[in-house]
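Colleague: Sharing upload24.cif, mmCIF, C-alpha atoms and all ligand atoms:
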data_final
loop_
_atom_site.label_atom_id
_atom_site.label_comp_id
_atom_site.auth_asym_id
_atom_site.auth_seq_id
_atom_site.Cartn_x
_atom_site.Cartn_y
_atom_site.Cartn_z
CA MET A 1044 -12.40 -15.95 11.08
CA SER A 1045 -9.66 -18.30 12.29
CA GLN A 1046 -9.90 -22.02 11.81
CA ASN A 1047 -8.39 -24.82 13.84
CA LEU A 1048 -5.94 -26.54 11.63
CA LEU A 1049 -3.88 -29.57 12.43
CA PRO A 1050 -0.21 -29.08 11.71
CA LEU A 1051 0.61 -30.83 8.45
CA GLU A 1052 4.30 -30.70 9.24
CA PRO A 1053 6.39 -28.86 11.80
CA VAL A 1054 6.29 -25.13 11.13
CA GLU A 1055 10.08 -25.14 10.49
CA THR A 1056 9.56 -27.55 7.59
CA ILE A 1057 6.77 -25.45 6.11
CA LEU A 1058 8.88 -22.30 6.35
CA GLU A 1059 11.70 -23.89 4.33
CA LYS A 1060 9.49 -24.84 1.38
CA LEU A 1061 10.22 -23.25 -1.97
CA VAL A 1062 6.53 -22.85 -2.75
CA PHE A 1063 3.76 -22.65 -0.15
CA SER A 1064 0.55 -24.53 -0.90
CA LYS A 1065 -2.80 -23.06 0.06
CA ASP A 1066 -2.85 -25.37 3.12
CA ASP A 1067 0.59 -24.10 4.16
CA LEU A 1068 -0.65 -20.52 3.89
CA LEU A 1069 -3.75 -21.26 5.94
CA TYR A 1070 -1.56 -22.89 8.54
CA LEU A 1071 0.86 -19.97 8.71
CA LEU A 1072 -1.95 -17.41 8.91
CA ASN A 1073 -3.33 -19.31 11.89
CA THR A 1074 -0.06 -19.66 13.81
CA SER A 1075 0.12 -18.53 17.43
CA GLY A 1076 2.62 -18.69 20.29
CA LYS A 1077 6.05 -20.10 19.42
CA GLU A 1078 5.11 -20.95 15.86
CA ARG A 1079 4.08 -17.35 15.21
CA ILE A 1080 7.44 -16.18 16.52
CA LYS A 1081 9.21 -18.67 14.25
CA LEU A 1082 7.31 -17.26 11.27
CA PHE A 1083 8.38 -13.72 12.19
CA GLU A 1084 12.00 -14.75 12.75
CA LYS A 1085 12.18 -16.46 9.40
CA ALA A 1086 10.73 -13.36 7.67
CA LYS A 1087 13.31 -11.15 9.38
CA GLU A 1088 16.08 -13.48 8.24
CA VAL A 1089 14.83 -13.50 4.63
CA LYS A 1090 14.60 -9.72 4.62
CA ALA A 1091 18.20 -9.35 5.83
CA ALA A 1092 19.49 -11.87 3.31
CA CYS A 1093 17.49 -10.81 0.25
CA VAL A 1094 16.84 -7.06 0.43
CA GLY A 1095 19.06 -6.03 3.35
CA ARG A 1096 18.17 -4.27 6.58
CA LYS A 1097 17.58 -0.99 4.84
CA VAL A 1098 14.41 1.05 4.70
CA TYR A 1099 13.61 3.30 1.77
CA PHE A 1100 11.62 6.50 2.15
CA ARG A 1101 8.83 7.46 -0.24
CA GLY A 1102 7.61 10.98 0.58
CA LEU A 1103 3.82 10.79 0.36
CA ILE A 1104 1.91 13.61 -1.32
CA GLU A 1105 -1.86 13.22 -0.92
CA TYR A 1106 -2.54 15.38 -3.95
CA SER A 1107 -6.33 15.60 -3.93
CA ASN A 1108 -9.38 14.10 -2.23
CA TYR A 1109 -11.69 14.57 -5.22
CA CYS A 1110 -12.81 11.10 -6.16
CA LYS A 1111 -15.35 9.91 -8.71
CA LYS A 1112 -15.72 6.51 -7.07
CA ASN A 1113 -17.77 5.18 -4.21
CA CYS A 1114 -15.87 2.25 -2.70
CA TYR A 1115 -17.95 1.19 0.31
CA TYR A 1116 -15.01 1.26 2.73
CA CYS A 1117 -13.36 4.59 1.96
CA GLY A 1118 -13.86 7.89 3.78
CA ILE A 1119 -13.21 10.11 0.75
CA ARG A 1120 -15.68 8.32 -1.53
CA ALA A 1121 -17.66 10.66 -3.79
CA GLY A 1122 -20.83 10.08 -1.75
CA ASN A 1123 -19.33 11.49 1.46
CA SER A 1124 -20.16 15.19 1.55
CA ARG A 1125 -18.53 15.75 4.95
CA TYR A 1126 -15.08 16.63 3.67
CA ALA A 1127 -14.12 19.85 1.95
CA ARG A 1128 -12.66 18.76 -1.36
CA TYR A 1129 -9.16 20.03 -2.17
CA ARG A 1130 -6.50 19.83 -4.82
CA MET A 1131 -2.96 20.89 -4.00
CA THR A 1132 -1.55 23.76 -6.04
CA ASP A 1133 1.47 23.20 -8.28
CA ALA A 1134 3.54 25.31 -5.90
CA GLU A 1135 2.53 23.12 -2.93
CA VAL A 1136 3.41 19.94 -4.80
CA LEU A 1137 6.77 21.32 -5.92
CA GLU A 1138 7.52 22.51 -2.40
CA ALA A 1139 6.86 19.04 -1.01
CA VAL A 1140 9.06 17.57 -3.75
CA ASN A 1141 11.78 20.05 -2.87
CA TYR A 1142 11.60 18.95 0.77
CA ALA A 1143 12.08 15.34 -0.34
CA TYR A 1144 14.96 16.38 -2.60
CA LEU A 1145 16.76 18.42 0.05
CA ASN A 1146 16.34 15.63 2.59
CA ASP A 1147 17.65 12.91 0.30
CA TYR A 1148 14.40 10.95 0.15
CA ALA A 1149 15.09 10.04 -3.50
CA SER A 1150 11.48 8.92 -4.04
CA ILE A 1151 8.01 10.32 -3.70
CA VAL A 1152 4.48 8.92 -4.09
CA ILE A 1153 1.68 11.01 -5.52
CA GLN A 1154 -1.66 9.62 -4.36
CA SER A 1155 -5.17 10.90 -4.93
CA GLY A 1156 -8.82 10.07 -5.19
CA GLU A 1157 -9.59 8.73 -8.66
CA GLN A 1158 -10.05 11.36 -11.34
CA THR A 1159 -9.82 10.67 -15.06
CA ASN A 1160 -10.81 13.94 -16.71
CA LYS A 1161 -8.52 15.50 -19.32
CA ALA A 1162 -7.46 18.39 -17.09
CA PHE A 1163 -6.37 16.02 -14.30
CA VAL A 1164 -4.42 13.77 -16.67
CA ALA A 1165 -2.66 16.78 -18.20
CA LYS A 1166 -1.95 18.30 -14.78
CA ILE A 1167 -0.24 15.14 -13.51
CA GLU A 1168 1.73 14.90 -16.73
CA SER A 1169 2.96 18.47 -16.42
CA LEU A 1170 3.78 18.04 -12.72
CA LEU A 1171 5.82 14.93 -13.53
CA LYS A 1172 7.85 16.86 -16.10
CA ARG A 1173 8.41 19.74 -13.70
CA ILE A 1174 9.47 17.38 -10.91
CA HIS A 1175 11.97 15.79 -13.26
CA LEU A 1176 13.41 19.18 -14.21
CA GLN A 1177 13.40 20.61 -10.69
CA THR A 1178 15.30 17.64 -9.26
CA ALA A 1179 17.50 16.88 -12.28
CA GLY A 1180 15.87 13.46 -12.45
CA LYS A 1181 17.09 12.57 -8.97
CA ILE A 1182 13.63 11.95 -7.50
CA HIS A 1183 11.81 8.82 -8.60
CA VAL A 1184 8.04 9.11 -8.68
CA THR A 1185 5.49 6.45 -7.78
CA LEU A 1186 1.88 7.13 -8.70
CA SER A 1187 -1.20 5.90 -6.89
CA LEU A 1188 -3.99 7.51 -8.88
CA GLY A 1189 -6.37 4.64 -9.48
CA GLU A 1190 -7.63 3.12 -12.71
CA GLN A 1191 -6.77 5.03 -15.87
CA SER A 1192 -6.71 4.30 -19.60
CA GLU A 1193 -3.65 2.74 -21.20
CA ASP A 1194 -2.98 6.04 -22.96
CA THR A 1195 -2.92 7.89 -19.63
CA TYR A 1196 -0.64 5.32 -17.98
CA ARG A 1197 1.68 5.64 -20.98
CA ARG A 1198 1.69 9.43 -20.94
CA TRP A 1199 2.57 9.50 -17.25
CA PHE A 1200 5.25 6.85 -17.74
CA GLU A 1201 6.80 8.86 -20.52
CA ALA A 1202 6.65 11.98 -18.35
CA GLY A 1203 8.80 10.26 -15.73
CA ALA A 1204 6.73 8.02 -13.41
CA HIS A 1205 8.11 4.50 -13.18
CA ARG A 1206 6.26 2.85 -10.34
CA TYR A 1207 2.51 2.52 -9.77
CA LEU A 1208 0.50 1.33 -6.79
CA LEU A 1209 -2.96 -0.02 -7.44
CA ARG A 1210 -4.31 -2.32 -4.78
CA ILE A 1211 -6.53 -5.13 -5.95
CA GLU A 1212 -8.13 -4.60 -2.48
CA VAL A 1213 -9.35 -8.22 -2.37
CA SER A 1214 -8.51 -10.86 -4.95
CA ASN A 1215 -11.83 -12.70 -4.59
CA PRO A 1216 -14.21 -11.27 -7.26
CA ALA A 1217 -17.33 -12.16 -5.25
CA LEU A 1218 -16.00 -10.33 -2.20
CA TYR A 1219 -14.91 -7.41 -4.39
CA LEU A 1220 -18.52 -7.09 -5.55
CA LYS A 1221 -19.73 -6.88 -1.95
CA LEU A 1222 -17.34 -4.02 -1.20
CA HIS A 1223 -18.06 -1.86 -4.24
CA PRO A 1224 -21.09 -0.61 -6.15
CA ASN A 1225 -22.08 -2.97 -8.94
CA ASN A 1226 -21.15 -0.92 -12.00
CA LEU A 1227 -18.45 -0.69 -14.63
CA SER A 1228 -16.27 1.85 -12.85
CA HIS A 1229 -16.05 -0.49 -9.85
CA ASP A 1230 -15.67 -3.69 -11.81
CA TYR A 1231 -13.18 -6.31 -10.57
CA ASN A 1232 -12.01 -7.28 -14.06
CA ARG A 1233 -11.43 -3.67 -14.94
CA ARG A 1234 -9.11 -3.32 -11.95
CA LEU A 1235 -7.28 -6.49 -12.87
CA ASP A 1236 -6.91 -5.28 -16.46
CA ALA A 1237 -5.52 -1.98 -15.17
CA LEU A 1238 -2.83 -3.90 -13.26
CA LYS A 1239 -1.95 -5.87 -16.41
CA THR A 1240 -1.81 -2.67 -18.46
CA LEU A 1241 0.55 -1.07 -15.94
CA ARG A 1242 2.84 -4.07 -16.25
CA ASN A 1243 2.75 -3.92 -20.08
CA VAL A 1244 3.51 -0.21 -20.14
CA GLY A 1245 6.65 -0.93 -18.12
CA TYR A 1246 5.92 0.26 -14.58
CA GLN A 1247 7.19 -1.45 -11.45
CA VAL A 1248 3.79 -2.60 -10.26
CA GLY A 1249 2.66 -2.60 -6.67
CA THR A 1250 -0.60 -3.96 -5.39
CA GLY A 1251 -2.10 -5.02 -2.10
CA VAL A 1252 -5.17 -5.79 -0.06
CA MET A 1253 -7.01 -4.69 3.03
CA ILE A 1254 -6.98 -7.17 5.88
CA GLY A 1255 -9.84 -7.86 8.27
CA LEU A 1256 -12.70 -6.62 6.08
CA PRO A 1257 -16.25 -7.68 6.81
CA PHE A 1258 -17.11 -10.93 4.97
CA GLN A 1259 -13.40 -11.72 4.42
CA THR A 1260 -12.10 -15.13 5.48
CA ILE A 1261 -8.64 -16.52 6.21
CA SER A 1262 -9.01 -18.51 3.01
CA ASP A 1263 -9.47 -15.21 1.11
CA LEU A 1264 -6.21 -13.91 2.61
CA ALA A 1265 -4.37 -17.08 1.58
CA ASP A 1266 -5.76 -16.59 -1.94
CA ASP A 1267 -4.58 -12.96 -1.88
CA LEU A 1268 -1.03 -14.17 -1.23
CA ILE A 1269 -1.32 -16.65 -4.09
CA PHE A 1270 -2.63 -13.84 -6.29
CA PHE A 1271 0.48 -11.73 -5.53
CA ARG A 1272 2.72 -14.64 -6.43
CA GLU A 1273 0.88 -15.47 -9.64
CA PHE A 1274 0.77 -11.85 -10.77
CA ASP A 1275 4.46 -11.68 -9.88
CA ILE A 1276 4.16 -8.27 -8.25
CA ASP A 1277 7.14 -5.97 -7.70
CA MET A 1278 5.85 -4.12 -4.65
CA ALA A 1279 3.18 -4.62 -2.01
CA GLY A 1280 1.24 -2.30 0.28
CA MET A 1281 -1.13 -4.04 2.66
CA GLY A 1282 -2.78 -2.90 5.81
CA PRO A 1283 -5.66 -3.56 8.15
CA TYR A 1284 -9.11 -2.38 7.18
CA ILE A 1285 -10.21 0.38 9.53
CA GLU A 1286 -13.84 1.40 9.60
CA HIS A 1287 -15.04 4.91 8.81
CA ALA A 1288 -18.42 6.11 10.12
CA ASP A 1289 -19.34 7.91 6.88
CA THR A 1290 -19.20 4.79 4.73
CA PRO A 1291 -21.76 2.07 3.91
CA LEU A 1292 -19.48 -0.66 5.28
CA TYR A 1293 -19.73 0.86 8.74
CA LEU A 1294 -23.07 -0.94 9.07
CA TYR A 1295 -21.13 -4.20 9.39
CA ARG A 1296 -18.73 -3.08 12.09
CA SER A 1297 -20.13 -5.56 14.62
CA GLU A 1298 -18.90 -8.39 12.39
CA LEU A 1299 -15.30 -7.20 12.37
CA LEU A 1300 -12.41 -8.87 14.14
CA PRO A 1301 -11.08 -6.81 17.07
CA LEU A 1302 -8.47 -4.27 15.87
CA LYS A 1303 -5.64 -6.18 17.54
CA GLU A 1304 -6.47 -9.32 15.61
CA ARG A 1305 -6.72 -7.42 12.34
CA PHE A 1306 -3.31 -5.98 13.08
CA ASP A 1307 -1.84 -9.37 13.88
CA LEU A 1308 -3.17 -10.82 10.64
CA ALA A 1309 -1.68 -7.89 8.73
CA LEU A 1310 1.72 -8.58 10.34
CA LYS A 1311 1.48 -12.23 9.37
CA MET A 1312 0.56 -11.29 5.80
CA VAL A 1313 3.69 -9.11 5.60
CA ALA A 1314 5.89 -11.84 7.08
CA ILE A 1315 4.54 -14.61 4.83
CA LEU A 1316 4.78 -12.45 1.72
CA ARG A 1317 8.40 -11.61 2.51
CA ILE A 1318 9.20 -15.32 2.72
CA MET A 1319 7.24 -16.08 -0.48
CA MET A 1320 8.52 -13.19 -2.59
CA LYS A 1321 11.95 -12.56 -1.19
CA ASN A 1322 13.13 -9.58 -3.20
CA ILE A 1323 10.02 -7.43 -3.67
CA ASN A 1324 9.49 -4.12 -1.86
CA ILE A 1325 6.93 -4.24 0.95
CA ALA A 1326 5.57 -1.12 2.65
CA ALA A 1327 5.08 -0.68 6.36
CA THR A 1328 1.77 1.14 5.95
CA THR A 1329 0.29 3.99 7.97
CA ALA A 1330 -2.82 1.91 8.65
CA MET A 1331 -0.61 -0.44 10.72
CA GLN A 1332 0.37 2.48 12.95
CA THR A 1333 -3.26 3.53 13.30
CA ILE A 1334 -3.95 0.39 15.30
CA ASP A 1335 -0.64 0.03 17.11
CA PRO A 1336 1.62 3.02 17.85
CA GLN A 1337 4.58 0.77 17.00
CA GLY A 1338 2.81 -0.77 14.04
CA ARG A 1339 5.23 0.33 11.38
CA GLU A 1340 8.34 -0.74 13.32
CA LYS A 1341 6.73 -4.12 13.87
CA ALA A 1342 6.09 -4.43 10.13
CA LEU A 1343 9.75 -3.53 9.43
CA MET A 1344 10.85 -6.22 11.84
CA VAL A 1345 8.90 -8.90 9.96
CA GLY A 1346 9.88 -8.05 6.41
CA ALA A 1347 8.70 -4.61 5.28
CA ASN A 1348 11.40 -2.35 3.76
CA VAL A 1349 9.59 0.79 2.59
CA ILE A 1350 8.02 3.60 4.59
CA MET A 1351 6.07 6.64 3.44
CA PRO A 1352 6.68 9.80 5.45
CA ASN A 1353 3.79 12.17 4.88
CA LEU A 1354 4.66 15.37 2.99
CA THR A 1355 1.07 16.58 2.48
CA PRO A 1356 0.57 20.12 3.82
CA VAL A 1357 -0.95 19.79 7.29
CA LYS A 1358 -3.97 21.94 6.34
CA TYR A 1359 -5.20 19.18 3.99
CA ARG A 1360 -4.61 16.15 6.16
CA GLN A 1361 -7.99 16.26 7.95
CA ASP A 1362 -9.66 16.02 4.56
CA TYR A 1363 -7.75 12.95 3.38
CA LEU A 1364 -9.15 10.51 5.87
CA LEU A 1365 -9.56 7.24 4.02
CA TYR A 1366 -10.25 5.69 7.44
CA GLU A 1367 -10.67 6.94 11.01
CA ASN A 1368 -7.93 7.72 13.55
CA LYS A 1369 -5.29 8.21 10.89
CA PRO A 1370 -2.14 9.17 12.79
CA CYS A 1371 0.20 12.16 12.35
CA LEU A 1372 -2.50 14.59 11.20
CA ASP A 1373 -0.72 17.59 12.67
CA GLU A 1374 2.86 16.58 12.04
CA GLU A 1375 4.89 18.75 9.70
CA ALA A 1376 7.29 16.95 7.35
CA GLU A 1377 10.27 17.68 9.61
CA GLU A 1378 8.66 16.18 12.74
CA CYS A 1379 7.49 13.23 10.69
CA LYS A 1380 11.05 12.62 9.46
CA SER A 1381 12.66 12.63 12.90
CA CYS A 1382 9.88 10.48 14.34
CA LEU A 1383 10.42 7.92 11.57
CA GLU A 1384 14.19 7.99 11.94
CA ALA A 1385 13.76 7.07 15.59
CA ARG A 1386 11.25 4.34 14.78
CA ILE A 1387 13.50 2.78 12.14
CA HIS A 1388 16.44 2.92 14.48
CA ILE A 1389 14.36 1.09 17.11
CA ALA A 1390 13.51 -1.56 14.53
CA GLY A 1391 17.28 -2.04 14.00
CA ASP A 1392 17.31 -0.96 10.32
CA THR A 1393 19.11 1.88 8.56
CA ILE A 1394 17.61 4.38 6.13
CA GLY A 1395 18.58 4.25 2.48
CA TYR A 1396 18.96 8.01 2.14
CA GLY A 1397 19.68 9.12 -1.40
CA GLU A 1398 18.85 5.69 -2.81
CA TRP A 1399 15.91 4.97 -5.08
CA GLY A 1400 15.43 1.58 -3.54
CA ASP A 1401 13.83 0.14 -6.65
CA SER A 1402 12.27 -3.27 -6.45
CA ARG A 1403 15.03 -5.86 -6.88
CA HIS A 1404 12.39 -8.25 -8.08
CA PHE A 1405 11.60 -5.91 -10.97
CA SER A 1406 15.24 -5.52 -11.99
CA GLU A 1407 15.87 -9.25 -11.80
CA ARG A 1408 12.77 -10.06 -13.83
CA ASN A 1409 13.88 -7.64 -16.52
CA THR A 1410 17.48 -8.71 -16.89
N1 LIG A 1501 -7.87 6.27 -5.25
C1 LIG A 1501 -6.70 5.46 -5.36
C2 LIG A 1501 -5.66 5.77 -4.30
C3 LIG A 1501 -6.15 6.28 -2.99
S1 LIG A 1501 -6.96 5.12 -1.97
C4 LIG A 1501 -7.10 3.99 -5.30
O1 LIG A 1501 -8.18 3.68 -4.84
O2 LIG A 1501 -6.29 3.18 -5.75
C5 LIG A 1501 -5.56 4.20 -1.35
C6 LIG A 1501 -5.90 2.95 -0.60
O3 LIG A 1501 -6.50 3.27 0.64
C7 LIG A 1501 -6.90 2.04 -1.23
O4 LIG A 1501 -6.29 1.24 -2.22
C8 LIG A 1501 -7.43 1.23 -0.05
O5 LIG A 1501 -6.80 -0.04 0.04
C9 LIG A 1501 -7.04 2.08 1.16
N2 LIG A 1501 -8.23 2.33 2.01
C10 LIG A 1501 -9.36 2.97 1.64
N3 LIG A 1501 -10.25 2.92 2.66
C11 LIG A 1501 -9.68 2.23 3.67
C12 LIG A 1501 -10.11 1.82 4.98
N4 LIG A 1501 -11.31 2.13 5.45
N5 LIG A 1501 -9.25 1.11 5.75
C13 LIG A 1501 -8.00 0.81 5.29
N6 LIG A 1501 -7.56 1.16 4.07
C14 LIG A 1501 -8.38 1.86 3.26
FE1 LIG A 1502 -11.74 6.79 -4.28
FE2 LIG A 1502 -9.55 5.23 -3.90
FE3 LIG A 1502 -11.26 5.80 -1.89
FE4 LIG A 1502 -12.09 4.16 -3.82
S1 LIG A 1502 -10.38 3.79 -2.38
S2 LIG A 1502 -13.27 5.85 -2.95
S3 LIG A 1502 -11.07 5.09 -5.58
S4 LIG A 1502 -9.96 7.22 -2.98
#
Can I see the file as structure tokens?
Modeller:
Amino acid sequence: MSQNLLPLEPVETILEKLVFSKDDLLYLLNTSGKERIKLFEKAKEVKAACVGRKVYFRGLIEYSNYCKKNCYYCGIRAGNSRYARYRMTDAEVLEAVNYAYLNDYASIVIQSGEQTNKAFVAKIESLLKRIHLQTAGKIHVTLSLGEQSEDTYRRWFEAGAHRYLLRIEVSNPALYLKLHPNNLSHDYNRRLDALKTLRNVGYQVGTGVMIGLPFQTISDLADDLIFFREFDIDMAGMGPYIEHADTPLYLYRSELLPLKERFDLALKMVAILRIMMKNINIAATTAMQTIDPQGREKALMVGANVIMPNLTPVKYRQDYLLYENKPCLDEEAEECKSCLEARIHIAGDTIGYGEWGDSRHFSERNT
């Protein structure tokens, strides 16, 4: 996947540029040794100067693993009959929200397999209203519930959700086609339109990609970074692709980069994005920790500023395996919290308890 590139300029000069060209991005993604360290140091510096050395918690609620889609990479795709399908009860959701509230998390994320039926849409809407009431509006909600109609996005926005995560997964349409079934519900343009609709409705919009997928090149990753800049995203969540035996993409596992290299590329993507888009929120994702036990701390040290402690009841975690070897499957919320506190401390950051930690980029764009 890597290419041998001749330095165009010293890495220090590239890192100071206001706008990276595609060649600059290719160069930075290929850095090693001292140059790689310089990239990481610059990202750390930009983080401290532009968003501060603070990490914001988003309590993650993996609401349901019912999914109508069949993305070739994902363990909970509709075609995988190995998992028992679940949906959390209202009481379980509200209990998780209460934990976040009592522990000053200030923000939660509700994520789920994609469902678009009327009952699901109404359920999320009513949960959002109840969360708002139960916490006197003190908890901000991010949704990650896939592609929905404009009307649904609007209803949820009006019910109190103000941020939405929808990864583009890969910004290259031809590669997107290779990773999804070829039909309307997995159409690249539909996903792109959903992102635009979210922006128009008024959400803080987060997107992201998987890194180290079969068929993906370094040039694709450079284009992904350019896509983020052109779309002017408010938040990013990126992580390494991790294979899952019950998915069609598993057939191509022999073509994958070793896990360590996928991890390293993911770290570089975080670092470069921090330098490119200085005041957005960037998540240190769980998939990073799946490969390296210190994966999330490492991401925090090179620019990430958001972390998602898992608040899903432990009994459901085994059934929400998007990829294999997901960590923390048996960790209750309390253990997860103290483990993360220690990790963040090691990374040298502090936790923004009680703060929403909204994307500064979003606020600045809108004022
Ligand atoms: N259904 C929603 C949200 C749940 S999936 C959606 O698709 O948007 C959340 C994310 O998990 C996806 O966006 C994808 O990037 C990631 N994911 C799925 N399978 C993965 C895998 N095998 N390795 C790494 N990340 C994966
Ligand atoms: Fe469903 Fe999301 Fe997994 Fe695709 S990535 S199969 S939409 S849960």
Colleague: Go ahead and compute the interatomic distance for CA of Asp1067 (chain A) and CA of Leu1299 (chain A), in Å to one decimal.
Modeller: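 If I compute the distance from CA of Asp1067 (chain A) to CA of Leu1299 (chain A), I get 24.6 Å.
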Colleague: Residues contacting ligand LIG 1502 (chain A) - anything with an atom at most 8 Å away, using all atoms listed in the file - can you give me those as number ranges by chain?
Modeller: A: 1108-1121, 1155-1157, 1188-1189, 1365
Colleague: Sorted by chain and rising residue number, list the residues of region 1165-1271 of chain A at most 12 Å from region 1328-1349 of chain A (counting all atoms listed in the file), each with its closest atom pair and distance in Å to one decimal, as a tab-separated table.
Modeller:
residue	atom	partner	partner_atom	distance
A:Gly1251	CA	A:Thr1328	CA	10.9
A:Val1252	CA	A:Thr1328	CA	11.5
A:Met1253	CA	A:Ala1330	CA	9.6
A:Ile1254	CA	A:Ala1330	CA	10.4
Colleague: Could you tell me which of A:Phe1063, A:Tyr1142, A:Tyr1284, A:Phe1274 comes closest to ligand LIG 1501 (chain A) if we count only C-alpha atoms and all ligand atoms?
Modeller: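 Checking each candidate against ligand LIG 1501 (chain A), we get A:Tyr1284 as the closest.
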Colleague: Skip region 1160-1176 of chain A itself and residues of its chain fewer than 4 positions away, then list as a PyMOL selection string all residues within 12 Å of it, counting all atoms listed in the file.
Modeller: chain A and resi 1106-1107+1109-1111+1130-1144+1149-1156+1180-1205
Colleague: Keeping C-alpha atoms for every residue in the selection just given, could you write it to a file as a CSV table (one decimal), in the coordinates of the input?
Modeller:
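After the write, again-v3.csv holds the following:
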chain,number,residue,atom,x,y,z
A,1106,TYR,CA,-2.5,15.4,-4.0
A,1107,SER,CA,-6.3,15.6,-3.9
A,1109,TYR,CA,-11.7,14.6,-5.2
A,1110,CYS,CA,-12.8,11.1,-6.2
A,1111,LYS,CA,-15.4,9.9,-8.7
A,1130,ARG,CA,-6.5,19.8,-4.8
A,1131,MET,CA,-3.0,20.9,-4.0
A,1132,THR,CA,-1.6,23.8,-6.0
A,1133,ASP,CA,1.5,23.2,-8.3
A,1134,ALA,CA,3.5,25.3,-5.9
A,1135,GLU,CA,2.5,23.1,-2.9
A,1136,VAL,CA,3.4,19.9,-4.8
A,1137,LEU,CA,6.8,21.3,-5.9
A,1138,GLU,CA,7.5,22.5,-2.4
A,1139,ALA,CA,6.9,19.0,-1.0
A,1140,VAL,CA,9.1,17.6,-3.8
A,1141,ASN,CA,11.8,20.0,-2.9
A,1142,TYR,CA,11.6,19.0,0.8
A,1143,ALA,CA,12.1,15.3,-0.3
A,1144,TYR,CA,15.0,16.4,-2.6
A,1149,ALA,CA,15.1,10.0,-3.5
A,1150,SER,CA,11.5,8.9,-4.0
A,1151,ILE,CA,8.0,10.3,-3.7
A,1152,VAL,CA,4.5,8.9,-4.1
A,1153,ILE,CA,1.7,11.0,-5.5
A,1154,GLN,CA,-1.7,9.6,-4.4
A,1155,SER,CA,-5.2,10.9,-4.9
A,1156,GLY,CA,-8.8,10.1,-5.2
A,1180,GLY,CA,15.9,13.5,-12.4
A,1181,LYS,CA,17.1,12.6,-9.0
A,1182,ILE,CA,13.6,12.0,-7.5
A,1183,HIS,CA,11.8,8.8,-8.6
A,1184,VAL,CA,8.0,9.1,-8.7
A,1185,THR,CA,5.5,6.4,-7.8
A,1186,LEU,CA,1.9,7.1,-8.7
A,1187,SER,CA,-1.2,5.9,-6.9
A,1188,LEU,CA,-4.0,7.5,-8.9
A,1189,GLY,CA,-6.4,4.6,-9.5
A,1190,GLU,CA,-7.6,3.1,-12.7
A,1191,GLN,CA,-6.8,5.0,-15.9
A,1192,SER,CA,-6.7,4.3,-19.6
A,1193,GLU,CA,-3.6,2.7,-21.2
A,1194,ASP,CA,-3.0,6.0,-23.0
A,1195,THR,CA,-2.9,7.9,-19.6
A,1196,TYR,CA,-0.6,5.3,-18.0
A,1197,ARG,CA,1.7,5.6,-21.0
A,1198,ARG,CA,1.7,9.4,-20.9
A,1199,TRP,CA,2.6,9.5,-17.2
A,1200,PHE,CA,5.2,6.8,-17.7
A,1201,GLU,CA,6.8,8.9,-20.5
A,1202,ALA,CA,6.6,12.0,-18.4
A,1203,GLY,CA,8.8,10.3,-15.7
A,1204,ALA,CA,6.7,8.0,-13.4
A,1205,HIS,CA,8.1,4.5,-13.2
Colleague: With all atoms listed in the file as the counted atoms, please give the residues lying no more than 8 Å from region 1396-1405 of chain A, apart from itself and same-chain residues fewer than 6 positions off, as an MDAnalysis selection string.
Modeller: chainID A and resid 1094 1099:1100 1147:1150 1182:1183 1247 1277:1278 1322:1324
Colleague: Interatomic distance between CA of Arg1128 (chain A) and CA of Tyr1207 (chain A)?
Modeller: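 It comes out at 23.8 Å.
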Colleague: Using all atoms listed in the file, find the one residue out of A:Arg1272, A:Arg1234, A:Arg1317, A:Lys1221 that sits nearest to ligand LIG 1501 (chain A).
Modeller: A:Arg1234
Colleague: What is the distance between CA of Arg1101 (chain A) and CA of Leu1308 (chain A), in Å to one decimal?
Modeller: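 Interatomic distance here is 24.4 Å.
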Colleague: Which residue out of A:Ile1389, A:Cys1371, A:Tyr1359, A:Gly1282 has the minimum interatomic distance to ligand LIG 1501 (chain A) when only C-alpha atoms and all ligand atoms are used?
Modeller: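 Answer, going by the shortest atom-to-atom distance: A:Gly1282.
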Colleague: Between A:Ile1315, A:Asn1243, A:Leu1354, A:Leu1292, which is the closest to Leu1103 (chain A) once you count only C-alpha atoms?
Modeller: A:Leu1354
Colleague: Using only C-alpha atoms, which protein or nucleic acid residues come within 12 Å of Ile1057 (chain A)? Drop anything in the same chain fewer than 2 positions from it, and give the result as a PyMOL selection string.
Modeller: chain A and resi 1050-1055+1059-1071+1074+1078+1081-1082+1085+1315+1318-1319
